[in-house]
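Peer 1: Sharing a structure below in structure tokens format, with a few things to ask.
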Amino acid sequence: MGSLMYGGAAASSSGASKAPQADLGLDSSGEKSFISFFKSMPEKPSATVRIFDRGDFYSAHGDDALFVATSVFKTSSVIKYLGGGSNALPSVTMTPSTAKTFLRDALTARQMRIEIWKGGGKRSNGWTLGTQASPGNLQGVEDLLFVHTDIASSPIVMAIKLRSIDGVPHIGAAFADATNRTLGVSEFADNDLFSNVESLLIQLGVKECLLAAEKNDPDADRLWRVVDRCGVIITERKKGEFTGANIEQDIDRLLLRDEGAPATLPELNLKQAMGAMNSLISYLGLLHDDTNFGQFRITTHDLSQFLRLDASAVRALSLFSEPGQGGGAGNRQLSVHGLLNKCKTAQGTRLLSQWLKQPLVNLHEIQKRHDLVEVFVDDAMTRQALQNDYLKLMPDLHRLSKKFQKGVATLEDVVRVYQAVLRLADLTQAIADTECSTPALRQNLDEVFVEPLREHDENLAKLVEMVEATLDLAELEHHNFVIKPDFDEKLRRIRDELDAVRDQLDEEHRSAGKELKLELDKKLHLENHSSYGWCMRVTRSEASALKGKRGYSEITTIKGGVYFTTAKIKDLDAEFQSLSSQYDTQQSGLAKNVVEIAASYCLPLEQLNVKLATLDVIVSFAHVSANAPEPYVRPVLHERSKAVGSSTGSAAAPLKAMQARHPVLEVQEDVSFIANDVEMVPDSSEFLVITGPNMGGKSTFIRQVGILALLAQSGCFIPAAAGAELPIFDCILARVGAGDSQLKGVSTFMQEMLELAQILRTATPDSLVLIDELGRGTSTYDGFGIAYAASEWMATKVRCKTLFASHFAEITSLADQLAHVKNLHVAAHVSSKTGQGAGKQDRDITLLYKVKEGISDRSYGIHVAELAGFPPSVIRLAKRKAEELEDYASDDEDEGEHGAALDMPQPAIDKGTALVEEFLAEWAKRSAKRPKSGAEGEGDAEGELEELRKVTEEYRERIEKDPWAQRVLASF
């Protein structure tokens, strides 16, 4: 089989015959037949799980059974076997609820495809593929798996058509959000690293990508690798599907009528994107479902409308929980999305995810969001009331609209919409009553929420009237969703007849009570039994009252008593059941009409849904900002612009955030977070080089700057002191952490180089670049060379705001050459150990997690190893070897051109050489002035050495600031 091997241990084939046998209700021949069928099934696509619907339960077989056993039951003991010997087939059975939970997890958290096979029964050849689904296409399983479960994010599936024009890759992309009934297209030229494709996948949150099968095409191979690196599941499709021959007709059938005639749509002029759209529509089967017709909108996605992120930045900033982390509160807090998600509605959670993937670059739109957040930060009472009294009770109106459109909605769904609309007036009034500190804030609040919500309330008033006129609202307390009897003449007549029959049953009950001399409702009960219909019951202790009484027929005797009836009750029961059937039929027809009327309100309901989602996210931002350990502040944002009077092209706006914090780390238990200032000013500190000990906080510092920028442009306040200023960035690019992709055929170092190449090719003066520990995956000299060359390129050619954390202290020499480069270091308190046997490596180090100006030339890696709990013998050996290498390096430095110091950049060598020559000249001059002694007029050796010590002390400060001179003169 072509599926992934999921892990877990199965019994060996030799011992399988002794393993417990699976009970699937099959005889021996049935088991053999199914095993034969299973092994002849078509090969599964990668990352696919296949299960079988057997009516009352589900089963999985082969490696899927091993996967289910380890991931669901957490034990291999649940594995049973079909057949015996070498043909034994591992099998696992699941209840329907367990199977559905497993399938939901496979689709959403694990990003896998699923197949559900049905109809086999006892015939092995009767199985057919009933349902397929993938992370980007949940349509076939929404009603099966997500009826009572909110979909946390809209599943987006994309198709990409690649074409090379004059050696330049051109991309035509089409995407579909079946949940929100949206089609989209985008078409653009890209570089050979497909940076634009990566940004598009991240901005849209694509779950699945359709790619044409290409052979021996280097561009196609690179495209596949980029899509895979973004964590998107790839589905291979035939190349012939990516043509747009009949696409105009297909689009016409799918689009809403108000979208205009297809011939007038600008999207149809994007021929390459339309070819991708053809493959997408075919894959999703949109034309096979009549309920899709006239329901979709089409848009063009412009990458430049939003801040762009690369896949490494998404991971580095911990925007979302990693797959498999689970949904516990603790794990949710480990991501930016989890921290900010105080949303009370499913639609709010989905929109929050979209906003984090698509931060804004338009200053006016960002400020509008900040205005709204400020209003609800200042008014805590309104904020809490909106969350707990209104938003918490709002259903997912978009999901309900889809049920109406597909014709599967019920009266209960109508009631849920009705109850939501009823709350709308009070919700709107609560927002209108919110206190605003300025007229501008009031105007923005009214424009964004108050006026639109009042308009929605008016548009849906007729829906409320219809529900109140047709539904029996008194029955809602009993969870009964029925039509009012008075609404329809025929329904009222049947209801009257049912009431008359019910009165006669009560009369017969009273008559029997008198005759049997039994107290009603205590000893003699009248019941509408699910099996026997209307009948009477007495307790077993009172059953003797029936003896010798004519006209009473015993039905059955159970622990609860004796059921019996009379001829009159039998006739009344038959009449009651007949009338009830007529009533239900009439009720069903009327209910269908009510649902159809409610379905005509789908468009205003979906528009209201968007507004509620926006309110939910804004209030969530305000909640997090106000309730952080230290409240967040509103940042001042500067429009992107070029530096005035500068030819460098660097962005002119500064980035200043005093007492900035990492929002995710500061809320972790047992963490006392140390805030740090960050200041990146054009022409003085726009490129920051951060050095310092391992575990000292370098990575946290550069990550938190990236999160500050992303939060600000998403519309949220930021964790810093008042007065924070930030520019608007066009993209955030990161090379942080050693992301190991060896399972995908990419080494750690190659992955690092791919990410760095992406940055060098993509960054602009308006970008924010985060680089951490570059060059660790190769030799020290090669790593340093790459790190230095990349940092110099970024600092001189691109001139964007960059934070460069490194253990290569030599990179700090950039600050001596370029005025806009500034050195920072994470502080550590060092005290040397004394006593017999203490060496160079024996120090006590206290990490302070404070970022200060200046250079740190040590990483203290052995100290970190001690903190990690290395055995003492290993630590001692590490210290001894480190000292030997230090001595060896010192010897090499004395050898001139063979020393490691000569591997530094030429400007640094030239500067250091001048300092060394000045030092030696000064020593020589002073030595020449000393009186000579001895027969040959030789100098006094002790006196010259003393002179050398004096000169060394005078030059010590300058030498310590120059790495090259420091190495050459180390022996002095």
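Chains: A, B, ... in order of the structure tokens. Residues: from 1 per chain. Ligands: from 1, in order shown.
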Would you give me, as a ChimeraX atom specification, the residues in range 423-606 of chain A that DSSP reads as strand (DSSP E)?

Peer 2: /A:524-529,533-538,553-558,561-565

Peer 1: Would you mind exporting the chosen residues as a CSV table (one decimal), in the first residue's frame, restricted to N, CA and C atoms?

Peer 2:
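Listing of again24.csv after writing:
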chain,number,residue,atom,x,y,z
A,524,LEU,N,-53.3,4.6,39.4
A,524,LEU,CA,-53.8,4.3,38.1
A,524,LEU,C,-53.3,5.4,37.2
A,525,HIS,N,-52.5,5.0,36.2
A,525,HIS,CA,-51.8,6.0,35.3
A,525,HIS,C,-52.3,5.8,33.9
A,526,LEU,N,-52.5,6.9,33.2
A,526,LEU,CA,-52.8,6.9,31.7
A,526,LEU,C,-51.6,7.4,31.0
A,527,GLU,N,-51.1,6.5,30.1
A,527,GLU,CA,-49.8,6.8,29.4
A,527,GLU,C,-49.9,6.6,27.9
A,528,ASN,N,-49.0,7.4,27.2
A,528,ASN,CA,-48.9,7.2,25.8
A,528,ASN,C,-47.5,6.4,25.6
A,529,HIS,N,-47.6,5.1,25.6
A,529,HIS,CA,-46.4,4.3,25.6
A,529,HIS,C,-45.8,4.3,24.2
A,533,GLY,N,-48.8,2.4,22.6
A,533,GLY,CA,-49.8,3.5,22.4
A,533,GLY,C,-50.4,3.9,23.7
A,534,TRP,N,-51.7,4.5,23.6
A,534,TRP,CA,-52.4,4.9,24.8
A,534,TRP,C,-52.9,3.7,25.5
A,535,CYS,N,-52.6,3.6,26.8
A,535,CYS,CA,-53.0,2.5,27.7
A,535,CYS,C,-52.9,3.0,29.1
A,536,MET,N,-53.3,2.1,30.0
A,536,MET,CA,-53.3,2.4,31.5
A,536,MET,C,-52.3,1.5,32.2
A,537,ARG,N,-51.8,1.9,33.3
A,537,ARG,CA,-50.9,1.1,34.1
A,537,ARG,C,-51.2,1.2,35.6
A,538,VAL,N,-51.1,0.1,36.2
A,538,VAL,CA,-51.2,0.0,37.7
A,538,VAL,C,-49.9,-0.6,38.2
A,553,SER,N,-58.2,-5.5,29.3
A,553,SER,CA,-57.3,-6.5,28.7
A,553,SER,C,-55.8,-6.2,29.1
A,554,GLU,N,-55.2,-7.2,29.7
A,554,GLU,CA,-53.8,-7.0,30.1
A,554,GLU,C,-52.9,-7.1,28.9
A,555,ILE,N,-51.9,-6.1,28.8
A,555,ILE,CA,-51.0,-6.1,27.7
A,555,ILE,C,-49.7,-6.8,28.1
A,556,THR,N,-49.1,-6.3,29.2
A,556,THR,CA,-47.8,-6.9,29.6
A,556,THR,C,-47.6,-6.6,31.1
A,557,THR,N,-46.7,-7.3,31.7
A,557,THR,CA,-46.4,-7.1,33.1
A,557,THR,C,-44.8,-6.9,33.2
A,558,ILE,N,-44.4,-5.7,33.7
A,558,ILE,CA,-43.0,-5.5,33.8
A,558,ILE,C,-42.7,-5.0,35.3
A,561,GLY,N,-44.9,-2.3,36.6
A,561,GLY,CA,-46.4,-2.5,36.8
A,561,GLY,C,-47.0,-3.3,35.7
A,562,VAL,N,-48.3,-3.2,35.7
A,562,VAL,CA,-49.1,-4.0,34.7
A,562,VAL,C,-49.7,-3.0,33.7
A,563,TYR,N,-49.5,-3.2,32.4
A,563,TYR,CA,-50.1,-2.3,31.4
A,563,TYR,C,-51.4,-3.0,30.9
A,564,PHE,N,-52.5,-2.3,30.8
A,564,PHE,CA,-53.7,-2.9,30.3
A,564,PHE,C,-54.5,-1.8,29.5
A,565,THR,N,-55.5,-2.2,28.8
A,565,THR,CA,-56.3,-1.3,28.0
A,565,THR,C,-57.8,-1.8,28.0

Peer 1: So which bits of range 143-353 of chain A end up helix (DSSP H, G or I) when you DSSP the backbone, as number ranges by chain?

Peer 2: A: 143-145, 195-204, 218-229, 239-241, 247-254, 257-259, 262-264, 266-269, 271-284, 286-288, 290-292, 303-305, 311-316, 329-332, 336-340, 346-353

Peer 1: Might you pull out every residue within 9 Å of range 495-503 of chain A, with only C-alpha atoms counted and same-chain residues fewer than 4 positions away left off, and present them as an NGL selection string?

Peer 2: :A and (485 or 490-491 or 507-508 or 572-573 or 575-576 or 579-580 or 583)

Peer 1: Just want the 7 Å neighbourhood of Lys698 in chain A, counted on only C-alpha atoms, with same-chain residues fewer than 3 positions away dropped. Output as a list in words.

Peer 2: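 The residues satisfying every condition are Ile690, Phe701, Ile702, Ala805 and Val826 of chain A.
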
Peer 1: Given the selection you just returned, output its residues as a file containing C-alpha atoms, formatted as a CSV table (one decimal), in the first residue's frame.

Peer 2:
chain,number,residue,atom,x,y,z
A,690,ILE,CA,23.1,41.1,19.0
A,701,PHE,CA,14.5,39.6,21.8
A,702,ILE,CA,14.5,39.5,18.0
A,805,ALA,CA,21.8,37.6,16.5
A,826,VAL,CA,22.6,40.2,26.2

Peer 1: Could you pull the residues within 12 Å of Leu424 in chain A, counting only C-alpha atoms, minus those fewer than 5 positions along the same chain, as a tab-separated table (two decimals) with C-alpha atoms, in the first residue's frame?

Peer 2:
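Below is the file selection-v2.tsv, written as the result:
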chain	number	residue	atom	x	y	z
A	386	LEU	CA	-20.51	42.25	24.90
A	389	ASP	CA	-24.15	38.66	27.42
A	390	TYR	CA	-24.24	38.87	23.64
A	391	LEU	CA	-21.35	37.41	21.62
A	393	LEU	CA	-24.81	33.51	22.70
A	394	MET	CA	-24.41	34.20	18.98
A	417	VAL	CA	-31.44	32.67	13.87
A	418	TYR	CA	-34.54	34.26	15.42
A	419	GLN	CA	-32.98	34.30	18.89
A	429	GLN	CA	-27.58	49.75	22.01
A	430	ALA	CA	-24.81	48.50	24.29
A	431	ILE	CA	-22.25	49.54	21.67
A	449	PHE	CA	-20.66	48.92	14.19
A	450	VAL	CA	-23.66	50.94	15.39
A	452	PRO	CA	-24.56	48.77	10.18
A	453	LEU	CA	-26.00	46.71	13.05
A	454	ARG	CA	-29.10	48.88	13.23
A	455	GLU	CA	-29.53	48.46	9.49
A	456	HIS	CA	-29.23	44.67	9.84
A	457	ASP	CA	-31.78	44.75	12.64
A	458	GLU	CA	-34.24	46.58	10.38
A	459	ASN	CA	-33.58	44.26	7.42
A	460	LEU	CA	-34.26	41.18	9.55
A	461	ALA	CA	-37.35	42.55	11.31
A	464	VAL	CA	-38.66	38.01	13.39
A	605	LEU	CA	-27.50	36.94	7.69
A	608	LEU	CA	-24.44	40.31	9.81
A	609	ASN	CA	-22.14	37.35	10.49
A	611	LYS	CA	-19.96	42.26	11.36
A	612	LEU	CA	-20.33	40.05	14.45

Peer 1: Rounded to one decimal, what separation in Å do you get between CA of Ser578 in chain A and CA of Leu471 in chain A?

Peer 2: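 So the answer is 23.1 Å.
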
Peer 1: For a quick check of understanding, using only C-alpha atoms, which of A:Val448, A:Leu255, A:Ile728, A:Ile234 has the smallest distance to Phe306 in chain A?

Peer 2: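 Using only C-alpha atoms, Phe306 in chain A sits closest to A:Ile728.
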
Peer 1: Nearest to Gln203 in chain A: which of A:Glu606, A:Asp302, A:Asp105, A:Glu248 is it, counting only C-alpha atoms?

Peer 2: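 Distance minimum relative to Gln203 in chain A lands on A:Asp302.
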
Peer 1: Identify, on the basis of only C-alpha atoms, every residue whose closest approach to Pro155 in chain A does not exceed 10 Å; exclude the query and any residue fewer than 4 positions from it along the same chain; express the result as a PDB file with C-alpha atoms, in the first residue's frame.

Peer 2:
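Saved result, around-v9.pdb, follows:
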ATOM      1  CA  THR A 108      -7.762  19.402  10.916  1.00  0.00           C
ATOM      2  CA  SER A 134      -8.998  16.613   2.537  1.00  0.00           C
ATOM      3  CA  PRO A 135      -7.837  19.566   4.670  1.00  0.00           C
ATOM      4  CA  GLY A 136      -8.861  21.967   1.915  1.00  0.00           C
ATOM      5  CA  ASN A 137     -12.112  20.234   0.945  1.00  0.00           C
ATOM      6  CA  LEU A 138     -14.442  19.431   3.828  1.00  0.00           C
ATOM      7  CA  GLN A 139     -17.689  19.737   1.873  1.00  0.00           C
ATOM      8  CA  ILE A 151     -14.659  24.774  12.142  1.00  0.00           C
ATOM      9  CA  ALA A 176     -11.755  28.440  -3.189  1.00  0.00           C
ATOM     10  CA  ASP A 177     -13.222  28.832   0.253  1.00  0.00           C
ATOM     11  CA  ALA A 178     -16.233  26.520   0.074  1.00  0.00           C
ATOM     12  CA  THR A 179     -17.219  27.452   3.635  1.00  0.00           C
ATOM     13  CA  ASN A 180     -17.593  31.145   2.773  1.00  0.00           C
ATOM     14  CA  LEU A 204      -4.672  32.834   2.534  1.00  0.00           C
ATOM     15  CA  GLY A 205      -3.933  30.040   5.015  1.00  0.00           C
ATOM     16  CA  VAL A 206      -4.056  27.433   2.248  1.00  0.00           C
ATOM     17  CA  LYS A 207      -4.567  23.868   3.496  1.00  0.00           C
ATOM     18  CA  GLU A 208      -4.250  22.012   0.194  1.00  0.00           C
TER      19      GLU A 208
END

Peer 1: Env of range 168-174 of chain A: 8 Å cut, atoms = only C-alpha atoms, seq-sep filter 5 positions within chain, self excluded. Answer as JSON, numbers by chain.

Peer 2: {"A": [158, 159, 160, 161, 162, 163, 183, 184, 185, 186, 187, 188, 189, 190, 191, 192, 197, 219, 270, 271, 272, 273, 274, 275, 276, 277, 280]}

Peer 1: What is the distance, in Å and to one decimal place, between CA of Ile618 in chain A and CA of Lys402 in chain A?

Peer 2: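 For CA of Ile618 in chain A relative to CA of Lys402 in chain A, the distance reads 25.4 Å.
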
Peer 1: Closest to Gln668 in chain A among A:Pro719, A:Pro629, A:Gly560, A:Gly285, using only C-alpha atoms?

Peer 2: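 The shortest atom-to-atom distance to Gln668 in chain A comes from A:Pro629.
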
Peer 1: Would you work out the distance separating CA of Leu445 in chain A from CA of Lys368 in chain A, expressed in Å to one decimal?

Peer 2: 9.0 Å
